[in-house]
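Colleague: One file is attached below, coords04.cif, containing mmCIF, C-alpha atoms and all ligand atoms.
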```cif
data_data
loop_
_atom_site.label_atom_id
_atom_site.label_comp_id
_atom_site.auth_asym_id
_atom_site.auth_seq_id
_atom_site.Cartn_x
_atom_site.Cartn_y
_atom_site.Cartn_z
CA MET R 1 122.67 77.26 113.94
CA LEU R 2 119.98 79.66 112.77
CA ILE R 3 121.15 82.06 110.16
CA LYS R 4 118.77 84.82 109.22
CA ALA R 5 119.24 86.22 105.76
CA LEU R 6 119.09 89.99 105.82
CA THR R 7 117.10 91.73 103.13
CA LEU R 8 118.87 94.49 101.27
CA VAL R 9 116.90 97.01 103.33
CA GLU R 10 117.99 95.49 106.63
CA ALA R 11 121.59 95.16 105.53
CA PHE R 12 121.75 98.84 104.60
CA PHE R 13 119.67 100.34 107.31
CA ILE R 14 120.08 98.45 110.52
CA PRO R 15 123.44 100.21 110.98
CA PHE R 16 121.83 103.59 110.23
CA VAL R 17 118.99 103.10 112.64
CA HIS R 18 121.37 101.96 115.34
CA CYS R 19 123.56 105.02 114.97
CA ARG R 20 120.54 107.30 114.49
CA THR R 21 121.31 109.18 117.68
CA MET R 22 124.82 109.79 116.35
CA GLN R 23 123.55 111.49 113.22
CA LYS R 24 124.13 115.22 113.41
CA HIS R 25 120.75 115.99 111.96
CA GLN R 26 117.83 113.82 110.98
CA ILE R 27 116.71 114.80 107.56
CA THR R 28 113.28 115.82 106.32
CA ILE R 29 111.84 113.81 103.46
CA ALA R 30 109.10 115.49 101.42
CA ILE R 31 107.10 113.25 99.08
CA ASP R 32 104.58 114.59 96.58
CA GLY R 33 102.67 112.97 93.76
CA TYR R 34 99.35 112.17 92.15
CA SER R 35 96.51 110.36 93.94
CA SER R 36 97.20 106.66 94.55
CA SER R 37 100.70 106.86 93.11
CA GLY R 38 102.02 104.88 96.07
CA LYS R 39 103.53 107.83 97.91
CA SER R 40 101.94 106.97 101.28
CA THR R 41 103.19 103.40 101.05
CA LEU R 42 106.68 104.63 100.25
CA ALA R 43 106.53 107.24 103.02
CA LYS R 44 105.44 104.66 105.63
CA ASP R 45 108.10 102.17 104.52
CA LEU R 46 110.79 104.85 104.66
CA ALA R 47 109.73 106.05 108.11
CA LYS R 48 109.87 102.50 109.38
CA ALA R 49 113.26 101.75 107.84
CA LEU R 50 114.78 104.99 109.15
CA ASP R 51 112.90 105.08 112.47
CA TYR R 52 111.51 108.51 111.52
CA SER R 53 107.99 109.85 112.09
CA TYR R 54 105.47 109.69 109.30
CA LEU R 55 102.73 112.15 108.48
CA ASP R 56 100.08 111.69 105.79
CA SER R 57 99.06 115.29 105.08
CA GLY R 58 96.23 114.13 102.78
CA ALA R 59 94.56 112.53 105.81
CA MET R 60 94.37 116.00 107.40
CA TYR R 61 92.57 117.43 104.33
CA ARG R 62 90.28 114.40 104.43
CA ALA R 63 89.48 114.95 108.14
CA VAL R 64 88.57 118.59 107.48
CA THR R 65 86.38 117.46 104.56
CA LEU R 66 84.64 114.90 106.76
CA TYR R 67 83.93 117.59 109.36
CA PHE R 68 82.50 119.90 106.67
CA GLN R 69 80.26 117.09 105.41
CA GLN R 70 79.10 116.05 108.88
CA HIS R 71 78.25 119.68 109.75
CA SER R 72 76.89 120.67 106.32
CA VAL R 73 79.39 123.51 106.03
CA ASP R 74 78.86 125.57 102.88
CA ILE R 75 82.35 125.52 101.36
CA THR R 76 81.52 128.48 99.13
CA ASN R 77 80.95 130.67 102.20
CA PRO R 78 84.33 131.92 103.56
CA HIS R 79 82.77 132.93 106.88
CA ALA R 80 81.28 129.45 107.43
CA VAL R 81 84.61 127.84 106.51
CA SER R 82 86.60 130.02 108.97
CA GLU R 83 84.10 129.39 111.73
CA ALA R 84 84.21 125.64 111.12
CA LEU R 85 88.02 125.58 111.16
CA GLU R 86 87.97 127.10 114.64
CA ASN R 87 85.99 124.09 115.83
CA ILE R 88 88.27 121.45 114.37
CA GLU R 89 90.98 119.69 116.32
CA ILE R 90 93.00 117.09 114.46
CA ILE R 91 95.27 114.80 116.41
CA ILE R 92 97.65 112.34 114.81
CA PRO R 93 99.44 110.24 117.41
CA PRO R 94 103.12 109.80 116.45
CA ALA R 95 103.56 106.44 114.73
CA ARG R 96 106.08 104.75 112.51
CA GLU R 97 103.83 102.24 110.80
CA SER R 98 100.15 102.23 111.59
CA PHE R 99 98.43 105.52 111.10
CA GLU R 100 95.51 106.88 113.11
CA ILE R 101 93.81 110.23 112.93
CA PHE R 102 91.38 111.73 115.44
CA LEU R 103 88.90 114.46 114.60
CA ASN R 104 87.64 116.21 117.72
CA GLY R 105 88.47 113.13 119.76
CA MET R 106 86.91 110.59 117.38
CA ASP R 107 88.97 108.03 115.49
CA VAL R 108 88.15 108.77 111.83
CA SER R 109 90.98 106.75 110.28
CA GLU R 110 88.53 104.59 108.29
CA LEU R 111 85.78 107.15 107.64
CA ILE R 112 88.10 109.58 105.86
CA ARG R 113 88.86 106.97 103.16
CA SER R 114 85.26 106.72 101.94
CA LEU R 115 84.37 107.64 98.35
CA GLU R 116 82.09 110.41 99.68
CA VAL R 117 85.08 112.11 101.30
CA SER R 118 87.27 111.41 98.24
CA GLN R 119 84.68 113.10 96.04
CA LEU R 120 84.84 116.42 97.92
CA VAL R 121 88.35 116.54 99.35
CA SER R 122 90.05 118.23 96.38
CA GLU R 123 87.53 121.09 96.44
CA VAL R 124 88.14 121.53 100.18
CA ALA R 125 91.92 121.34 99.69
CA ALA R 126 91.72 124.20 97.18
CA ILE R 127 90.38 126.61 99.85
CA SER R 128 93.24 128.88 100.99
CA PRO R 129 92.23 129.26 104.68
CA VAL R 130 92.03 125.46 104.94
CA ARG R 131 95.53 125.18 103.47
CA ARG R 132 96.98 127.86 105.78
CA TYR R 133 95.44 126.11 108.80
CA LEU R 134 96.86 122.69 107.87
CA VAL R 135 100.23 123.80 106.48
CA TYR R 136 101.02 125.50 109.80
CA GLN R 137 100.27 122.27 111.70
CA GLN R 138 102.35 120.23 109.26
CA GLN R 139 105.31 122.59 109.63
CA GLN R 140 105.06 122.35 113.42
CA ALA R 141 104.97 118.55 113.25
CA GLY R 142 108.13 118.48 111.14
CA LYS R 143 110.14 121.34 112.59
CA ASP R 144 112.77 119.08 114.18
CA GLY R 145 113.38 116.90 111.11
CA GLY R 146 113.38 113.12 111.29
CA ILE R 147 110.09 113.02 109.43
CA VAL R 148 108.68 111.66 106.20
CA MET R 149 105.64 113.60 105.02
CA ASP R 150 103.62 112.98 101.90
CA GLY R 151 101.07 115.12 100.06
CA ARG R 152 100.83 117.52 97.12
CA ASP R 153 102.73 120.61 98.31
CA ILE R 154 105.22 119.20 100.80
CA GLY R 155 108.34 119.92 98.74
CA THR R 156 107.00 123.18 97.27
CA VAL R 157 105.30 124.85 100.27
CA VAL R 158 105.46 122.93 103.55
CA PHE R 159 109.17 122.04 103.50
CA PRO R 160 110.80 123.78 100.53
CA ASN R 161 114.17 123.25 102.23
CA ALA R 162 113.73 119.51 102.83
CA GLU R 163 116.99 117.64 102.30
CA LEU R 164 115.23 115.07 100.14
CA LYS R 165 112.26 115.85 97.91
CA ILE R 166 110.64 113.14 95.86
CA PHE R 167 107.93 113.34 93.21
CA VAL R 168 106.22 109.97 92.83
CA ASP R 169 104.48 109.08 89.61
CA SER R 170 102.99 106.00 87.98
CA ASP R 171 100.65 105.45 85.06
CA ILE R 172 96.93 106.03 85.51
CA GLU R 173 95.81 102.40 85.05
CA THR R 174 98.28 101.21 87.67
CA ARG R 175 96.95 103.84 90.05
CA VAL R 176 93.31 102.93 89.31
CA LEU R 177 94.02 99.26 90.01
CA ARG R 178 95.83 99.99 93.29
CA ARG R 179 93.06 102.25 94.54
CA PHE R 180 90.33 99.85 93.36
CA GLN R 181 91.94 96.93 95.19
CA GLU R 182 92.33 99.04 98.33
CA ILE R 183 88.64 100.04 98.27
CA GLN R 184 87.51 96.48 97.50
CA LEU R 185 89.03 95.28 100.75
CA LYS R 186 86.39 97.36 102.53
CA SER R 187 83.47 97.45 100.11
CA SER R 188 82.74 96.15 96.64
CA ALA R 189 80.18 98.81 95.81
CA VAL R 190 82.57 100.87 93.71
CA THR R 191 83.49 100.17 90.09
CA LYS R 192 86.85 100.72 88.41
CA ASP R 193 85.28 103.39 86.19
CA GLU R 194 84.17 105.32 89.28
CA VAL R 195 87.64 105.04 90.78
CA ARG R 196 89.25 106.20 87.50
CA ALA R 197 86.86 109.15 87.23
CA ASN R 198 87.56 110.16 90.82
CA LEU R 199 91.36 109.96 90.41
CA LYS R 200 91.28 112.02 87.20
CA HIS R 201 88.97 114.57 88.79
CA ARG R 202 91.26 114.96 91.81
CA ASP R 203 94.45 115.07 89.74
CA HIS R 204 92.94 117.85 87.65
CA ILE R 205 91.84 119.98 90.61
CA ASP R 206 95.01 119.30 92.60
CA SER R 207 97.30 120.34 89.78
CA THR R 208 95.34 123.31 88.43
CA ARG R 209 94.16 125.04 91.63
CA GLU R 210 95.48 128.53 92.29
CA ASP R 211 96.87 127.95 95.78
CA SER R 212 99.80 125.50 95.98
CA PRO R 213 99.03 123.33 92.95
CA LEU R 214 100.68 119.94 92.69
CA GLN R 215 104.00 120.55 90.94
CA ILE R 216 107.42 118.98 90.87
CA ALA R 217 109.36 120.90 93.54
CA ASP R 218 112.71 122.49 92.69
CA GLY R 219 115.38 119.89 93.23
CA ALA R 220 112.91 117.00 93.55
CA ARG R 221 113.93 113.55 92.36
CA ILE R 222 111.32 111.79 90.26
CA LEU R 223 110.39 108.22 91.08
CA ASN R 224 108.23 106.48 88.49
CA ASN R 225 107.17 103.28 90.21
CA THR R 226 104.82 101.89 87.53
CA SER R 227 106.82 98.71 87.18
CA MET R 228 108.47 98.65 90.58
CA SER R 229 107.47 96.51 93.53
CA ARG R 230 106.98 98.06 96.95
CA GLN R 231 110.34 96.66 98.03
CA GLU R 232 112.13 97.91 94.92
CA GLN R 233 110.91 101.49 95.34
CA LEU R 234 111.94 101.45 98.98
CA GLU R 235 115.40 100.15 98.18
CA GLU R 236 115.90 102.75 95.45
CA VAL R 237 114.99 105.62 97.76
CA LEU R 238 117.02 104.25 100.65
CA LEU R 239 120.07 104.49 98.39
CA TRP R 240 119.34 108.19 97.92
CA VAL R 241 118.91 108.65 101.67
CA LYS R 242 122.09 106.75 102.42
CA ALA R 243 124.05 109.01 100.07
CA LEU R 244 122.57 112.10 101.69
CA ILE R 245 123.26 110.96 105.24
CA GLU R 246 126.84 110.12 104.33
CA GLU R 247 127.31 113.63 102.93
CA GLN R 248 126.31 115.21 106.25
O1 LIG X 1 96.79 111.92 99.42
P1 LIG X 1 95.25 111.90 99.45
O2 LIG X 1 94.64 111.36 98.19
O3 LIG X 1 94.72 111.24 100.68
O4 LIG X 1 94.85 113.44 99.55
C1 LIG X 1 93.50 113.84 99.59
C2 LIG X 1 93.34 115.17 98.89
O5 LIG X 1 93.96 116.20 99.68
C3 LIG X 1 93.92 115.26 97.50
O6 LIG X 1 92.91 115.26 96.52
C4 LIG X 1 94.67 116.55 97.46
C5 LIG X 1 94.66 117.10 98.85
N1 LIG X 1 95.99 117.33 99.40
C6 LIG X 1 96.56 118.56 99.21
O7 LIG X 1 96.00 119.40 98.52
N2 LIG X 1 97.75 118.84 99.79
C7 LIG X 1 98.39 117.93 100.53
N3 LIG X 1 99.57 118.24 101.08
C8 LIG X 1 97.83 116.65 100.70
C9 LIG X 1 96.63 116.37 100.11
#
```
Go through the file and emit its structure as structure tokens.

Modeller:
Amino acid sequence: MLIKALTLVEAFFIPFVHCRTMQKHQITIAIDGYSSSGKSTLAKDLAKALDYSYLDSGAMYRAVTLYFQQHSVDITNPHAVSEALENIEIIIPPARESFEIFLNGMDVSELIRSLEVSQLVSEVAAISPVRRYLVYQQQQAGKDGGIVMDGRDIGTVVFPNAELKIFVDSDIETRVLRRFQEIQLKSSAVTKDEVRANLKHRDHIDSTREDSPLQIADGARILNNTSMSRQEQLEEVLLWVKALIEEQ
């Protein structure tokens, strides 16, 4: 007889996923946090466990940045920025696990992760018309609930009424190492010092910009995952979700 041991996640959530259609309302989960804090990993794992959609809002800011770079758009010129936004179509096919993003019909899922894009994206994300353009699309994507979205302003601006808001944090060296290892899988041309400088630069701009700075949203729960494994952070948050769903 083959007995399959269920992980804690399966034991808790298989019943929830199976009675998903019986839930009165699928909740919205808003996840914010610093660069490379592990929020996208958590968001993807949660979406998979709950059978919800997942949207990486940072990828949208990256796609706009890539377009601006490819078309040499002067980001200090509001007219050029508005005109460029009119020519941008971002499509993110619904997915639970893998994540793809198309910019004007081209798959840019890999290109948007380059260091060149990372070096400019925070400046682009500080431009108010860019934020208005993307926040509207994010709100449309999540209007029916059943979504996990991660970014910097999801709990404060995009979904201030989300049932569950999470602020993910972890110490800077842990974040540098995670990001460095991720980049090394694709290219070894980047040093840890460059990664650290880029993370600090982005954290600074993201949390001090005038429009929608990164802040802990009202009512957000803080998850410091410095010494947690991927599985442990998922299990912790699933307990919060379980409690919320039971309250409904
Ligand atoms: O999550 P990420 O590192 O891929 O995000 C890229 C940049 O986009 C980040 O520096 C801040 C910005 N961003 C934002 O301002 N608001 C969001 N909701 C998501 C990302």

Colleague: Which value, in Å to one decimal, gives the distance between atom C8 of ligand LIG 1 (chain X) and CA of Asn104 (chain R)?

Modeller: 19.8 Å

Colleague: Around (95.6, 117.6, 90.5) in the file's frame, which residues reach within 12 Å when counting only C-alpha atoms? Return as a PyMOL selection string?

Modeller: chain R and resi 32-36+121-123+125-126+151-153+198-216

Colleague: So, counting only C-alpha atoms and all ligand atoms, which residue among R:Ile101, R:Leu85, R:Ala49, R:Ile154 is closest to ligand LIG 1 (chain X)?

Modeller: R:Ile154

Colleague: So what do you get for CA of Ser227 (chain R) versus CA of Ala95 (chain R), distance-wise?

Modeller: 28.8 Å

Colleague: With distances taken over all atoms listed in the file, which of R:Glu194, R:Glu232, R:Glu110, R:Asp171 is nearest to ligand LIG 1 (chain X)?

Modeller: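 Between R:Glu194, R:Glu232, R:Glu110, R:Asp171, the residue approaching ligand LIG 1 (chain X) most closely is R:Glu110.
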
Colleague: Provide the CA of Ile147 (chain R) to CA of Lys39 (chain R) distance in Å, to one decimal place.

Modeller: 14.2 Å

Colleague: (96.7, 123.9, 107.4) in this file's frame - what residues fall within 10 Å of it? Use only C-alpha atoms and give the answer as number ranges by chain.

Modeller: R: 57, 60-61, 64, 85, 125, 128-139, 158

Colleague: I need the residue nearest ligand LIG 1 (chain X) from this list: R:His25, R:Thr156, R:Gly142, R:Ser82. Use all atoms listed in the file for the distance.

Modeller: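 Nearest to ligand LIG 1 (chain X): R:Thr156.
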
Colleague: Determine the nearest neighbour of Phe99 (chain R) from the options R:Lys192, R:Arg221, R:Lys44, R:Lys143, counting only C-alpha atoms.

Modeller: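 Looking at the shortest contact to Phe99 (chain R), the residue is R:Lys44.
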
Colleague: Would you kindly return, as a PyMOL selection string, each protein, DNA or RNA residue with an atom no farther than 12 Å from any atom of Leu234 (chain R), considering only C-alpha atoms and excluding same-chain residues fewer than 2 positions away?

Modeller: chain R and resi 7-10+12-13+38-50+168+223+225+228-232+236-242

Colleague: For each of R:Ile166, R:Ala141, R:Ala80, R:Met106, take the minimum atom-to-atom distance to Gln233 (chain R), counting all atoms listed in the file, then give the residue where this is smallest.

Modeller: R:Ile166

Colleague: Taking all atoms listed in the file into account, name the residue in R:Leu55, R:Leu120, R:Ile92, R:Val108 that is nearest to Phe68 (chain R).

Modeller: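 Ranking R:Leu55, R:Leu120, R:Ile92, R:Val108 by distance to Phe68 (chain R), first place goes to R:Leu120.
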
Colleague: Draw an axis-aligned box over all listed atoms of ligand LIG 1 (chain X), pad each side with 4 Å, and write its centre and edge lengths in Å, one decimal, as JSON.

Modeller:
```
{"center_x": 96.2, "center_y": 115.3, "center_z": 98.8, "size_x": 14.7, "size_y": 16.2, "size_z": 12.6}
```
